[in-house]
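Pasted below: query-v5.txt, compact mmCIF, C-alpha atoms.
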```txt
# COMPACT_ATOMS: atom_id res chain seq x y z
CA MET A 1 -12.72 -27.60 -21.63
CA LYS A 2 -15.85 -25.70 -20.59
CA ARG A 3 -16.42 -28.11 -17.73
CA ALA A 4 -12.83 -27.66 -16.49
CA ILE A 5 -13.14 -23.87 -16.58
CA ARG A 6 -16.48 -24.05 -14.77
CA ARG A 7 -14.99 -26.33 -12.10
CA LEU A 8 -12.03 -23.99 -11.64
CA MET A 9 -14.37 -21.00 -11.28
CA ASP A 10 -16.54 -22.97 -8.83
CA THR A 11 -13.43 -23.63 -6.74
CA LEU A 12 -12.41 -19.97 -6.90
CA TYR A 13 -15.95 -18.96 -5.92
CA ALA A 14 -15.92 -21.37 -2.96
CA ALA A 15 -12.56 -19.93 -1.84
CA CYS A 16 -13.97 -16.38 -2.02
CA VAL A 17 -17.01 -17.40 0.02
CA ALA A 18 -14.81 -19.14 2.61
CA ILE A 19 -12.44 -16.18 2.89
CA ALA A 20 -15.25 -13.62 3.13
CA GLY A 21 -17.16 -15.81 5.58
CA THR A 22 -14.11 -16.23 7.79
CA ALA A 23 -13.56 -12.48 7.78
CA LEU A 24 -17.18 -11.92 8.82
CA VAL A 25 -16.87 -14.44 11.66
CA LEU A 26 -13.66 -12.78 12.84
CA ILE A 27 -15.32 -9.35 12.79
CA SER A 28 -18.22 -10.81 14.76
CA ALA A 29 -15.82 -12.18 17.36
CA VAL A 30 -13.47 -9.20 17.61
CA ILE A 31 -16.07 -6.47 18.13
CA PRO A 32 -17.71 -8.11 21.19
CA TRP A 33 -14.22 -8.65 22.62
CA ALA A 34 -13.56 -4.92 22.24
CA VAL A 35 -16.83 -4.13 24.02
CA TYR A 36 -16.02 -6.64 26.78
CA THR A 37 -12.54 -5.26 27.42
CA ARG A 38 -13.77 -1.68 27.39
CA TYR A 39 -16.89 -1.93 29.53
CA VAL A 40 -16.39 -5.04 31.66
CA LEU A 41 -12.65 -5.04 32.24
CA ASN A 42 -12.50 -1.24 32.04
CA ARG A 43 -9.30 -1.60 30.02
CA ALA A 44 -9.86 -1.24 26.29
CA ALA A 45 -7.79 -3.39 23.97
CA SER A 46 -6.23 -1.37 21.15
CA TRP A 47 -6.16 -4.07 18.47
CA PRO A 48 -9.83 -5.06 17.88
CA GLU A 49 -10.85 -1.98 15.90
CA PRO A 50 -7.96 -2.05 13.39
CA MET A 51 -8.38 -5.82 13.10
CA ALA A 52 -12.07 -5.37 12.29
CA VAL A 53 -11.18 -2.77 9.66
CA LEU A 54 -8.65 -5.13 8.07
CA MET A 55 -11.19 -7.95 8.04
CA MET A 56 -13.74 -5.59 6.48
CA ILE A 57 -11.35 -4.99 3.58
CA VAL A 58 -11.05 -8.75 3.07
CA LEU A 59 -14.80 -9.24 3.38
CA THR A 60 -15.57 -6.44 0.94
CA PHE A 61 -13.34 -7.42 -1.96
CA PHE A 62 -13.60 -11.20 -1.80
CA GLY A 63 -17.29 -11.03 -0.93
CA ALA A 64 -17.97 -8.66 -3.84
CA ALA A 65 -16.35 -11.06 -6.30
CA ALA A 66 -18.38 -13.97 -4.90
CA CYS A 67 -21.61 -11.95 -5.03
CA TYR A 68 -20.93 -10.96 -8.61
CA ARG A 69 -20.48 -14.56 -9.69
CA ALA A 70 -23.60 -15.68 -7.84
CA GLY A 71 -25.61 -12.83 -9.39
CA LEU A 72 -26.31 -11.35 -5.97
CA HIS A 73 -24.68 -8.01 -6.68
CA MET A 74 -26.71 -4.85 -6.67
CA ARG A 75 -28.29 -4.05 -10.00
CA VAL A 76 -31.11 -1.89 -11.24
CA SER A 77 -32.80 -3.71 -14.07
CA PHE A 78 -36.15 -1.93 -14.26
CA PHE A 79 -35.35 0.25 -17.26
CA VAL A 80 -33.40 -2.51 -19.00
CA SER A 81 -36.41 -4.82 -18.66
CA LEU A 82 -38.47 -2.28 -20.61
CA LEU A 83 -36.17 -2.59 -23.62
CA PRO A 84 -36.66 -5.07 -26.47
CA PRO A 85 -34.83 -8.41 -25.97
CA ARG A 86 -31.99 -7.60 -28.39
CA LEU A 87 -31.26 -4.32 -26.61
CA GLN A 88 -31.40 -6.13 -23.27
CA GLN A 89 -28.71 -8.50 -24.53
CA ALA A 90 -26.64 -5.57 -25.75
CA MET A 91 -26.97 -3.84 -22.39
CA ALA A 92 -25.96 -7.06 -20.58
CA PHE A 93 -22.84 -7.25 -22.74
CA ILE A 94 -22.00 -3.60 -22.05
CA VAL A 95 -22.44 -4.20 -18.32
CA GLU A 96 -20.01 -7.13 -18.48
CA LEU A 97 -17.47 -4.97 -20.29
CA LEU A 98 -17.86 -2.26 -17.66
CA MET A 99 -17.40 -4.84 -14.91
CA ALA A 100 -14.21 -6.01 -16.64
CA LEU A 101 -13.05 -2.39 -16.70
CA VAL A 102 -13.75 -2.03 -12.97
CA ALA A 103 -11.85 -5.26 -12.29
CA LEU A 104 -8.86 -4.06 -14.31
CA PHE A 105 -8.96 -0.74 -12.44
CA MET A 106 -8.90 -2.62 -9.13
CA ILE A 107 -5.98 -4.76 -10.28
CA ASP A 108 -3.92 -1.84 -11.60
CA TRP A 109 -4.50 0.77 -8.92
CA GLY A 110 -4.75 -1.83 -6.15
CA ALA A 111 -1.32 -3.19 -7.09
CA LYS A 112 0.07 0.36 -7.13
CA LEU A 113 -1.42 0.99 -3.68
CA VAL A 114 0.09 -2.25 -2.36
CA ALA A 115 3.50 -1.34 -3.79
CA ALA A 116 3.37 2.22 -2.47
CA THR A 117 2.49 1.15 1.07
CA TRP A 118 4.43 -2.11 1.36
CA GLN A 119 7.21 -0.60 3.50
CA ASN A 120 4.81 0.96 6.00
CA SER A 121 3.61 -0.88 9.08
CA ILE A 122 0.43 -0.65 11.11
CA ALA A 123 0.85 0.81 14.58
CA ASP A 124 -1.20 -1.89 16.31
CA PHE A 125 0.38 -4.70 14.24
CA PRO A 126 4.00 -3.60 13.66
CA SER A 127 5.00 -6.79 11.86
CA LEU A 128 2.15 -6.41 9.35
CA SER A 129 2.79 -4.41 6.20
CA VAL A 130 0.15 -1.88 5.19
CA GLY A 131 0.65 -3.07 1.62
CA ALA A 132 -0.24 -6.62 2.66
CA THR A 133 -3.51 -5.38 4.11
CA TYR A 134 -4.39 -3.88 0.72
CA LEU A 135 -3.69 -7.11 -1.18
CA PRO A 136 -7.41 -8.03 -1.24
CA ILE A 137 -8.01 -5.13 -3.65
CA PRO A 138 -5.94 -6.39 -6.61
CA LEU A 139 -6.63 -10.04 -5.74
CA GLY A 140 -10.37 -9.43 -5.57
CA GLY A 141 -10.12 -7.50 -8.85
CA ALA A 142 -8.31 -10.40 -10.53
CA ILE A 143 -10.90 -12.89 -9.31
CA LEU A 144 -13.69 -10.57 -10.44
CA PHE A 145 -12.03 -10.32 -13.86
CA PHE A 146 -11.90 -14.13 -14.11
CA PHE A 147 -15.60 -14.28 -13.25
CA VAL A 148 -16.41 -11.68 -15.93
CA ILE A 149 -14.44 -13.65 -18.52
CA GLU A 150 -16.26 -16.82 -17.45
CA ARG A 151 -19.61 -15.09 -17.87
CA LEU A 152 -18.67 -13.71 -21.29
CA LEU A 153 -17.36 -17.05 -22.57
CA LEU A 154 -19.71 -19.54 -20.90
CA GLY A 155 -22.67 -17.52 -19.66
CA PRO A 156 -23.79 -17.25 -16.05
CA PRO A 157 -23.09 -20.16 -13.70
CA ALA A 158 -25.86 -22.70 -13.11
CA ALA A 159 -26.64 -21.41 -9.62
CA GLU A 160 -27.44 -17.95 -11.00
CA ARG A 161 -29.53 -19.36 -13.84
CA ASP A 162 -31.51 -21.43 -11.34
CA ALA A 163 -32.03 -18.41 -9.05
CA ALA A 164 -33.12 -16.26 -12.01
CA ALA A 165 -35.87 -18.77 -12.78
CA PHE A 166 -37.51 -17.83 -9.47
CA ASP A 167 -37.36 -14.05 -10.04
```
Reformat the file's structure so that it appears as structure tokens.
Amino acid sequence: MKRAIRRLMDTLYAACVAIAGTALVLISAVIPWAVYTRYVLNRAASWPEPMAVLMMIVLTFFGAAACYRAGLHMRVSFFVSLLPPRLQQAMAFIVELLMALVALFMIDWGAKLVAATWQNSIADFPSLSVGATYLPIPLGGAILFFFVIERLLLGPPAAERDAAAFD
């Protein structure tokens, strides 16, 4: 059972990395196009900036979930490392609970934001719902929550344990 859960979380992690990576590549392609149309063609395209913003939302929420699972998220561990080992474990557990709380907040309020803005459209992309552009918030929160549960039940993934050995 543990192996199946770990494989499922590995697949979810790979999907997050692929989605965030694709968003980053699209941002990297769209911004130079905006510069080219503005300064070379002297006729600025209106869509690259809102597209880059939309891709940044995708990159942020899926990338944050992937970074959390890989243990690459920002953390300040100096003061925790000064504590005795049992208190360090307690603090690690508290941090996981707080991360679960953040994930649940993202799911709840993200879903409310999606619902509240679903009927609105974006001026530069009239067929695209504003609510659809906010879907990465609750989806990223749900994935983050799954990763927190995985960490609480099974411990950190092997890749993070291996990276921690080199710290």
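For the residues A:Leu72, A:Leu82, A:Ala142, A:Ala90, ranking by smallest atom-to-atom distance to Phe105 in chain A using all atoms listed in the file places A:Ala142 first.
With only C-alpha atoms as the atoms that count, the residue of A:His73, A:Val114, A:Ile94, A:Ala132 with the shortest distance to Thr60 in chain A is A:His73.
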Pairwise distance, CA of Met91 in chain A with CA of Phe78 in chain A, equals 12.4 Å
Could you give me, as a compact mmCIF listing (two decimals) with C-alpha atoms, in the coordinates of the input, the residues within 9 Å of Phe62 in chain A, counting all atoms listed in the file and dropping anything in the same chain fewer than 3 positions from it?
```txt
# COMPACT_ATOMS: atom_id res chain seq x y z
CA ALA A 15 -12.56 -19.93 -1.84
CA CYS A 16 -13.97 -16.38 -2.02
CA VAL A 17 -17.01 -17.40 0.02
CA ILE A 19 -12.44 -16.18 2.89
CA ALA A 20 -15.25 -13.62 3.13
CA ILE A 57 -11.35 -4.99 3.58
CA VAL A 58 -11.05 -8.75 3.07
CA LEU A 59 -14.80 -9.24 3.38
CA ALA A 65 -16.35 -11.06 -6.30
CA ALA A 66 -18.38 -13.97 -4.90
CA CYS A 67 -21.61 -11.95 -5.03
CA PRO A 136 -7.41 -8.03 -1.24
CA ILE A 137 -8.01 -5.13 -3.65
CA LEU A 139 -6.63 -10.04 -5.74
CA GLY A 140 -10.37 -9.43 -5.57
CA GLY A 141 -10.12 -7.50 -8.85
CA ILE A 143 -10.90 -12.89 -9.31
CA LEU A 144 -13.69 -10.57 -10.44
```
So that I can see what lies close to Phe147 in chain A, please list as a ChimeraX atom specification the residues with an atom at most 12 Å from it, counting only C-alpha atoms and leaving out residues fewer than 4 positions away in the same chain. /A:5-6,8-13,16,64-71,96-97,99-100,103,140-143,151-157
